[in-house]
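Have a look at the structure below before the remarks.
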Amino acid sequence: MKKTKENLMIFIDVRKKLHGVYKDMELKCNIELKKGDFLAVCGESGSGKTTLLRIIAGLERAEGRIVVDGEVWLDKKCFLPPQKREIGFLFQNYALFPNMNVMQNLLYVNNDEKLAKKLLEMSEIYELKDRYPASLSGGQKQRVALCRALMKKPKLLLLDEPFSALDPKMREKLQNELSYFHKEFDLTTIMVTHSPSEIYKLANKMIEIKKGEIVKKGNPKEALLNTKSSEKFALEGIIIDIKKVDVIYVAVVAIGNNLVEIVLSNEAKEFKTGEKVIVSNKAFSVNIRKKE
């Protein structure tokens, strides 16, 4: 295995032709991370987010270069197979072995009972160690899957929309656990997610991918808080309906799990159903504008 002298913990510069939602396109991503970073990857479905994770994990081949902690995982001459890459991968569908109980699922990855017990106790599911996946709830399965991903003590933890199928209360609980594990084990994490609140809460870096290319990168708090200098708050939403009430028009906007009604000004015809907008507060009034 080749070694390099890059000071960065992770250097990723990959390209791959894709065929999908946007027909033929090329995934092009250049990312630099330091040990301890938490990168959130967001973007529309079919833009290449999951493919990027699979390339990093070695589950798909691509052109370019990946270097992790001085070790070359990918370049013109080298392709390190997945089993030799020090990664933990948490899939959206858990991917637990149904014929193994919880403890066996963890020990299959790394026969370290002390670490397995510690992870299960930290997740408050040690009492489930003899249970099989079919008898677990979605939240319990995801906790087991997260513990299993950490059994290899990975240099890089990859998560593909890990909490999207969970209810809001369980999702928040597991976000807290992930944040705790990230700090406790000094992980470097890359997570695909569609949730702005998840990005804001967990990540210190983010990128947005559109049609295979990075269109936005930087600090999540600066990128997600779309406030202008005179605005008190600004929230992104989607117009799901525009209705006329007497002589005024009202837009029904979905913001997260909530619906709000916003009175439109004389420019009501400029807005349409399905359009992304920014709802903000300015000079004691609620305003709505198109997302730039």
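Just remember, in the structure tokens the first chain shown is A, the second B, etc., residues are 1-based per chain, and ligands are 1-based in the order shown.
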
Report task. Excluding segment 73-76 of chain A and residues on its chain fewer than 3 positions from it, collect all residues at most 12 Å away from it, counting only C-alpha atoms, and give them as a PyMOL selection string. Result -> chain A and resi 1-4+10-15+55-70+79-87

Query raised in the report: Hey, what's within 9 Å of Asn99 of chain A if we count only C-alpha atoms and toss same-chain stuff fewer than 2 positions away? As a VMD selection string, please?
Result: chain A and resid 96 to 97 101 132 to 133

Report task. Go through A:Ser164, A:Lys152, A:Glu26, A:Met170 one by one, measure the shortest atom-to-atom distance of each to Ser137 of chain A using only C-alpha atoms, and give the residue with the smallest value. Result ->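 The shortest atom-to-atom distance to Ser137 of chain A comes from A:Met170.
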
Requested in this report: Find the distance between atom CA of Gln175 of chain A and atom CA of Val102 of chain A and write it in Å to one decimal.
Outcome: 20.8 Å

Query raised in the report: Excluding same-chain residues fewer than 4 positions from segment 251-264 of chain A, what lies within 9 Å of it counting only C-alpha atoms, as a ChimeraX atom specification?
Result: /A:195-197,235-244,268,271-273,277,279,286-288

Could the residues in this selection be saved with C-alpha atoms as a compact mmCIF listing (two decimals), in the first residue's frame?
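Saved file selection.txt follows:
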```txt
# COMPACT_ATOMS: atom_id res chain seq x y z
CA SER A 195 -32.83 17.29 6.84
CA PRO A 196 -31.65 20.90 7.41
CA SER A 197 -32.10 20.52 11.17
CA LEU A 235 -36.90 29.53 7.01
CA GLU A 236 -36.96 27.54 3.80
CA GLY A 237 -40.26 26.01 2.76
CA ILE A 238 -42.33 24.78 -0.19
CA ILE A 239 -45.61 26.29 -1.35
CA ILE A 240 -48.19 23.49 -1.38
CA ASP A 241 -51.23 25.65 -2.13
CA ILE A 242 -52.25 29.21 -3.06
CA LYS A 243 -55.82 30.17 -2.27
CA LYS A 244 -57.92 33.31 -2.56
CA ALA A 268 -49.09 36.88 -5.78
CA PHE A 271 -45.50 32.50 -6.89
CA LYS A 272 -46.68 29.00 -7.81
CA THR A 273 -47.40 25.69 -6.12
CA VAL A 277 -39.45 29.95 -0.87
CA VAL A 279 -40.23 32.86 4.85
CA VAL A 286 -43.83 38.09 7.88
CA ASN A 287 -42.48 38.12 4.32
CA ILE A 288 -42.08 35.52 1.62
```

Query - Residues of segment 17-239 of chain A in helix (DSSP H, G or I), written as JSON, numbers by chain - result: {"A": [49, 50, 51, 52, 53, 54, 55, 56, 57, 82, 83, 84, 102, 103, 104, 105, 106, 107, 108, 109, 113, 114, 115, 116, 117, 118, 119, 120, 121, 122, 126, 127, 128, 133, 134, 135, 138, 139, 140, 141, 142, 143, 144, 145, 146, 147, 148, 149, 150, 168, 169, 170, 171, 172, 173, 174, 175, 176, 177, 178, 179, 180, 181, 182, 183, 184, 196, 197, 198, 199, 200, 201, 202, 220, 221, 222, 223, 224]}

Please provide the set of residues having any atom within 9 Å of Met151 of chain A, restricted to only C-alpha atoms, with same-chain residues fewer than 2 positions apart removed, written as a PDB file with N, CA, C and O atoms, in the first residue's frame.
```
ATOM      1  N   GLY A  88     -16.732   2.523   8.633  1.00  0.00           N
ATOM      2  CA  GLY A  88     -17.987   2.002   9.139  1.00  0.00           C
ATOM      3  C   GLY A  88     -19.069   2.567   8.236  1.00  0.00           C
ATOM      4  O   GLY A  88     -19.061   3.760   7.938  1.00  0.00           O
ATOM      5  N   LEU A 106     -22.750  -7.711  16.052  1.00  0.00           N
ATOM      6  CA  LEU A 106     -21.599  -6.861  16.344  1.00  0.00           C
ATOM      7  C   LEU A 106     -20.293  -7.647  16.295  1.00  0.00           C
ATOM      8  O   LEU A 106     -19.298  -7.197  15.711  1.00  0.00           O
ATOM      9  N   LEU A 107     -20.291  -8.844  16.889  1.00  0.00           N
ATOM     10  CA  LEU A 107     -19.062  -9.633  16.963  1.00  0.00           C
ATOM     11  C   LEU A 107     -18.647 -10.189  15.604  1.00  0.00           C
ATOM     12  O   LEU A 107     -17.477 -10.526  15.401  1.00  0.00           O
ATOM     13  N   VAL A 109     -18.381  -8.449  13.004  1.00  0.00           N
ATOM     14  CA  VAL A 109     -17.501  -7.419  12.437  1.00  0.00           C
ATOM     15  C   VAL A 109     -16.144  -7.431  13.122  1.00  0.00           C
ATOM     16  O   VAL A 109     -15.098  -7.314  12.473  1.00  0.00           O
ATOM     17  N   ASN A 110     -16.160  -7.579  14.437  1.00  0.00           N
ATOM     18  CA  ASN A 110     -14.919  -7.535  15.211  1.00  0.00           C
ATOM     19  C   ASN A 110     -15.154  -8.322  16.503  1.00  0.00           C
ATOM     20  O   ASN A 110     -16.006  -7.947  17.307  1.00  0.00           O
ATOM     21  N   ASN A 111     -14.425  -9.384  16.697  1.00  0.00           N
ATOM     22  CA  ASN A 111     -14.643 -10.267  17.853  1.00  0.00           C
ATOM     23  C   ASN A 111     -14.069  -9.650  19.132  1.00  0.00           C
ATOM     24  O   ASN A 111     -13.135 -10.166  19.742  1.00  0.00           O
ATOM     25  N   ASP A 112     -14.658  -8.530  19.524  1.00  0.00           N
ATOM     26  CA  ASP A 112     -14.221  -7.788  20.711  1.00  0.00           C
ATOM     27  C   ASP A 112     -15.442  -7.594  21.619  1.00  0.00           C
ATOM     28  O   ASP A 112     -16.189  -6.624  21.485  1.00  0.00           O
ATOM     29  N   LEU A 115     -15.709  -4.234  23.648  1.00  0.00           N
ATOM     30  CA  LEU A 115     -16.147  -3.079  22.866  1.00  0.00           C
ATOM     31  C   LEU A 115     -17.635  -3.190  22.539  1.00  0.00           C
ATOM     32  O   LEU A 115     -18.370  -2.204  22.625  1.00  0.00           O
ATOM     33  N   ALA A 116     -18.084  -4.401  22.176  1.00  0.00           N
ATOM     34  CA  ALA A 116     -19.500  -4.599  21.844  1.00  0.00           C
ATOM     35  C   ALA A 116     -20.382  -4.256  23.038  1.00  0.00           C
ATOM     36  O   ALA A 116     -21.411  -3.573  22.901  1.00  0.00           O
ATOM     37  N   LEU A 119     -20.488  -0.422  23.555  1.00  0.00           N
ATOM     38  CA  LEU A 119     -21.314   0.280  22.575  1.00  0.00           C
ATOM     39  C   LEU A 119     -22.799   0.078  22.855  1.00  0.00           C
ATOM     40  O   LEU A 119     -23.596   1.023  22.787  1.00  0.00           O
ATOM     41  N   LEU A 146     -25.762   1.168  14.075  1.00  0.00           N
ATOM     42  CA  LEU A 146     -24.750   2.178  14.386  1.00  0.00           C
ATOM     43  C   LEU A 146     -23.638   1.578  15.233  1.00  0.00           C
ATOM     44  O   LEU A 146     -22.447   1.812  14.973  1.00  0.00           O
ATOM     45  N   CYS A 147     -24.007   0.783  16.233  1.00  0.00           N
ATOM     46  CA  CYS A 147     -22.997   0.120  17.069  1.00  0.00           C
ATOM     47  C   CYS A 147     -22.118  -0.797  16.215  1.00  0.00           C
ATOM     48  O   CYS A 147     -20.892  -0.831  16.377  1.00  0.00           O
ATOM     49  N   ARG A 148     -22.750  -1.525  15.292  1.00  0.00           N
ATOM     50  CA  ARG A 148     -21.986  -2.444  14.444  1.00  0.00           C
ATOM     51  C   ARG A 148     -21.015  -1.681  13.544  1.00  0.00           C
ATOM     52  O   ARG A 148     -19.877  -2.112  13.323  1.00  0.00           O
ATOM     53  N   ALA A 149     -21.446  -0.511  13.044  1.00  0.00           N
ATOM     54  CA  ALA A 149     -20.572   0.297  12.193  1.00  0.00           C
ATOM     55  C   ALA A 149     -19.349   0.793  12.961  1.00  0.00           C
ATOM     56  O   ALA A 149     -18.301   1.046  12.360  1.00  0.00           O
ATOM     57  N   LYS A 153     -13.819   0.367  14.771  1.00  0.00           N
ATOM     58  CA  LYS A 153     -13.105   1.591  15.152  1.00  0.00           C
ATOM     59  C   LYS A 153     -12.652   2.322  13.887  1.00  0.00           C
ATOM     60  O   LYS A 153     -11.453   2.538  13.656  1.00  0.00           O
ATOM     61  N   PRO A 154     -13.595   2.700  13.052  1.00  0.00           N
ATOM     62  CA  PRO A 154     -13.258   3.198  11.707  1.00  0.00           C
ATOM     63  C   PRO A 154     -12.571   4.554  11.714  1.00  0.00           C
ATOM     64  O   PRO A 154     -12.813   5.393  12.583  1.00  0.00           O
TER      65      PRO A 154
END
```

Report task. Please provide as number ranges by chain all residues within 12 Å of Ala40 of chain A, with the sequence filter that same-chain residues fewer than 6 positions apart are discarded (counting only C-alpha atoms). Result -> A: 31, 33, 49, 53, 157-161, 188-209, 216-221, 223-224

Query raised in the report: In Å to one decimal, how far is atom CA of Leu39 of chain A from atom CA of Lys141 of chain A?
Result: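 Distance reported for this atom pair: 23.7 Å.
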
Report task. From segment 7-155 of chain A, collect each residue whose DSSP state is strand (DSSP E or B) and return the set as a VMD selection string. Result -> chain A and resid 10 to 20 23 to 33 38 to 43 63 to 68 71 to 74 79 87 to 90

**Report entry** Non-local contacts of Lys211 of chain A (9 Å; only C-alpha atoms; under 5 positions in same chain excluded) as a list in words
**Finding:** Val21, Tyr22, Met25, Glu26, Leu27, Gly43, Glu44, Gly46, Ser47 and Gly48 of chain A

Filtering to N, CA, C and O atoms, could you give me those residues as a PDB file, in the first residue's frame?
```
ATOM      1  N   VAL A  21     -31.656   9.875 -12.867  1.00  0.00           N
ATOM      2  CA  VAL A  21     -32.736  10.851 -12.947  1.00  0.00           C
ATOM      3  C   VAL A  21     -32.438  11.921 -13.984  1.00  0.00           C
ATOM      4  O   VAL A  21     -33.307  12.359 -14.737  1.00  0.00           O
ATOM      5  N   TYR A  22     -31.199  12.390 -14.019  1.00  0.00           N
ATOM      6  CA  TYR A  22     -30.808  13.467 -14.933  1.00  0.00           C
ATOM      7  C   TYR A  22     -30.149  12.928 -16.197  1.00  0.00           C
ATOM      8  O   TYR A  22     -29.319  13.587 -16.812  1.00  0.00           O
ATOM      9  N   MET A  25     -24.844  12.094 -16.700  1.00  0.00           N
ATOM     10  CA  MET A  25     -24.160  13.196 -16.026  1.00  0.00           C
ATOM     11  C   MET A  25     -22.887  12.646 -15.404  1.00  0.00           C
ATOM     12  O   MET A  25     -22.684  11.436 -15.342  1.00  0.00           O
ATOM     13  N   GLU A  26     -22.039  13.539 -14.967  1.00  0.00           N
ATOM     14  CA  GLU A  26     -20.779  13.131 -14.337  1.00  0.00           C
ATOM     15  C   GLU A  26     -20.740  13.620 -12.905  1.00  0.00           C
ATOM     16  O   GLU A  26     -20.941  14.808 -12.637  1.00  0.00           O
ATOM     17  N   LEU A  27     -20.512  12.680 -11.993  1.00  0.00           N
ATOM     18  CA  LEU A  27     -20.307  13.036 -10.599  1.00  0.00           C
ATOM     19  C   LEU A  27     -18.878  13.539 -10.444  1.00  0.00           C
ATOM     20  O   LEU A  27     -17.922  12.828 -10.778  1.00  0.00           O
ATOM     21  N   GLY A  43     -28.735  17.391  -1.144  1.00  0.00           N
ATOM     22  CA  GLY A  43     -29.024  17.625  -2.548  1.00  0.00           C
ATOM     23  C   GLY A  43     -30.236  16.824  -2.981  1.00  0.00           C
ATOM     24  O   GLY A  43     -30.752  15.982  -2.241  1.00  0.00           O
ATOM     25  N   GLU A  44     -30.700  17.074  -4.186  1.00  0.00           N
ATOM     26  CA  GLU A  44     -31.883  16.401  -4.693  1.00  0.00           C
ATOM     27  C   GLU A  44     -31.633  14.912  -4.904  1.00  0.00           C
ATOM     28  O   GLU A  44     -30.498  14.481  -5.095  1.00  0.00           O
ATOM     29  N   GLY A  46     -31.117  11.550  -6.688  1.00  0.00           N
ATOM     30  CA  GLY A  46     -30.527  11.270  -7.990  1.00  0.00           C
ATOM     31  C   GLY A  46     -29.363  12.148  -8.357  1.00  0.00           C
ATOM     32  O   GLY A  46     -28.838  12.064  -9.475  1.00  0.00           O
ATOM     33  N   SER A  47     -28.902  12.983  -7.414  1.00  0.00           N
ATOM     34  CA  SER A  47     -27.802  13.901  -7.729  1.00  0.00           C
ATOM     35  C   SER A  47     -26.429  13.269  -7.563  1.00  0.00           C
ATOM     36  O   SER A  47     -25.425  13.849  -7.969  1.00  0.00           O
ATOM     37  N   GLY A  48     -26.362  12.071  -6.933  1.00  0.00           N
ATOM     38  CA  GLY A  48     -25.076  11.384  -6.801  1.00  0.00           C
ATOM     39  C   GLY A  48     -24.566  11.240  -5.377  1.00  0.00           C
ATOM     40  O   GLY A  48     -23.438  10.796  -5.176  1.00  0.00           O
TER      41      GLY A  48
END
```

Report task. Tell me which protein, DNA and RNA residues are within 9 Å of Glu177 of chain A, counting only C-alpha atoms, leaving out same-chain ones fewer than 3 positions away, and put them as JSON, numbers by chain. Result -> {"A": [122, 123, 143, 172, 173, 174, 180, 181, 182]}

For the selection just defined, write its residues with N, CA, C and O atoms to a file, as an mmCIF file, in the first residue's frame.
```cif
data_model
loop_
_atom_site.group_PDB
_atom_site.id
_atom_site.type_symbol
_atom_site.label_atom_id
_atom_site.label_comp_id
_atom_site.auth_asym_id
_atom_site.auth_seq_id
_atom_site.Cartn_x
_atom_site.Cartn_y
_atom_site.Cartn_z
ATOM 1 N N MET A 122 -23.724 2.092 25.910
ATOM 2 C CA MET A 122 -23.785 3.515 25.577
ATOM 3 C C MET A 122 -25.065 3.849 24.822
ATOM 4 O O MET A 122 -25.602 4.954 24.936
ATOM 5 N N SER A 123 -25.565 2.883 24.038
ATOM 6 C CA SER A 123 -26.804 3.082 23.284
ATOM 7 C C SER A 123 -28.037 2.688 24.079
ATOM 8 O O SER A 123 -29.155 2.769 23.564
ATOM 9 N N ARG A 143 -30.022 1.620 16.077
ATOM 10 C CA ARG A 143 -28.999 1.696 17.123
ATOM 11 C C ARG A 143 -28.019 0.533 17.001
ATOM 12 O O ARG A 143 -26.798 0.713 17.138
ATOM 13 N N GLU A 172 -34.592 12.425 16.791
ATOM 14 C CA GLU A 172 -33.837 13.366 17.628
ATOM 15 C C GLU A 172 -32.962 12.627 18.632
ATOM 16 O O GLU A 172 -31.811 13.011 18.874
ATOM 17 N N LYS A 173 -33.489 11.550 19.204
ATOM 18 C CA LYS A 173 -32.727 10.776 20.182
ATOM 19 C C LYS A 173 -31.479 10.171 19.543
ATOM 20 O O LYS A 173 -30.384 10.231 20.109
ATOM 21 N N LEU A 174 -31.633 9.610 18.349
ATOM 22 C CA LEU A 174 -30.491 8.993 17.683
ATOM 23 C C LEU A 174 -29.505 10.034 17.146
ATOM 24 O O LEU A 174 -28.303 9.767 17.058
ATOM 25 N N TYR A 180 -22.823 12.115 20.173
ATOM 26 C CA TYR A 180 -22.028 11.640 21.313
ATOM 27 C C TYR A 180 -20.946 10.670 20.839
ATOM 28 O O TYR A 180 -19.777 10.794 21.219
ATOM 29 N N PHE A 181 -21.329 9.701 19.996
ATOM 30 C CA PHE A 181 -20.366 8.736 19.483
ATOM 31 C C PHE A 181 -19.281 9.435 18.659
ATOM 32 O O PHE A 181 -18.104 9.079 18.733
ATOM 33 N N HIS A 182 -19.693 10.409 17.850
ATOM 34 C CA HIS A 182 -18.741 11.125 17.002
ATOM 35 C C HIS A 182 -17.628 11.766 17.841
ATOM 36 O O HIS A 182 -16.447 11.704 17.469
#
```

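In this comparison, which uses only C-alpha atoms, the residue of A:Ile125, A:Leu156, A:Leu52, A:Leu166 approaching Leu187 of chain A most closely is A:Leu156.
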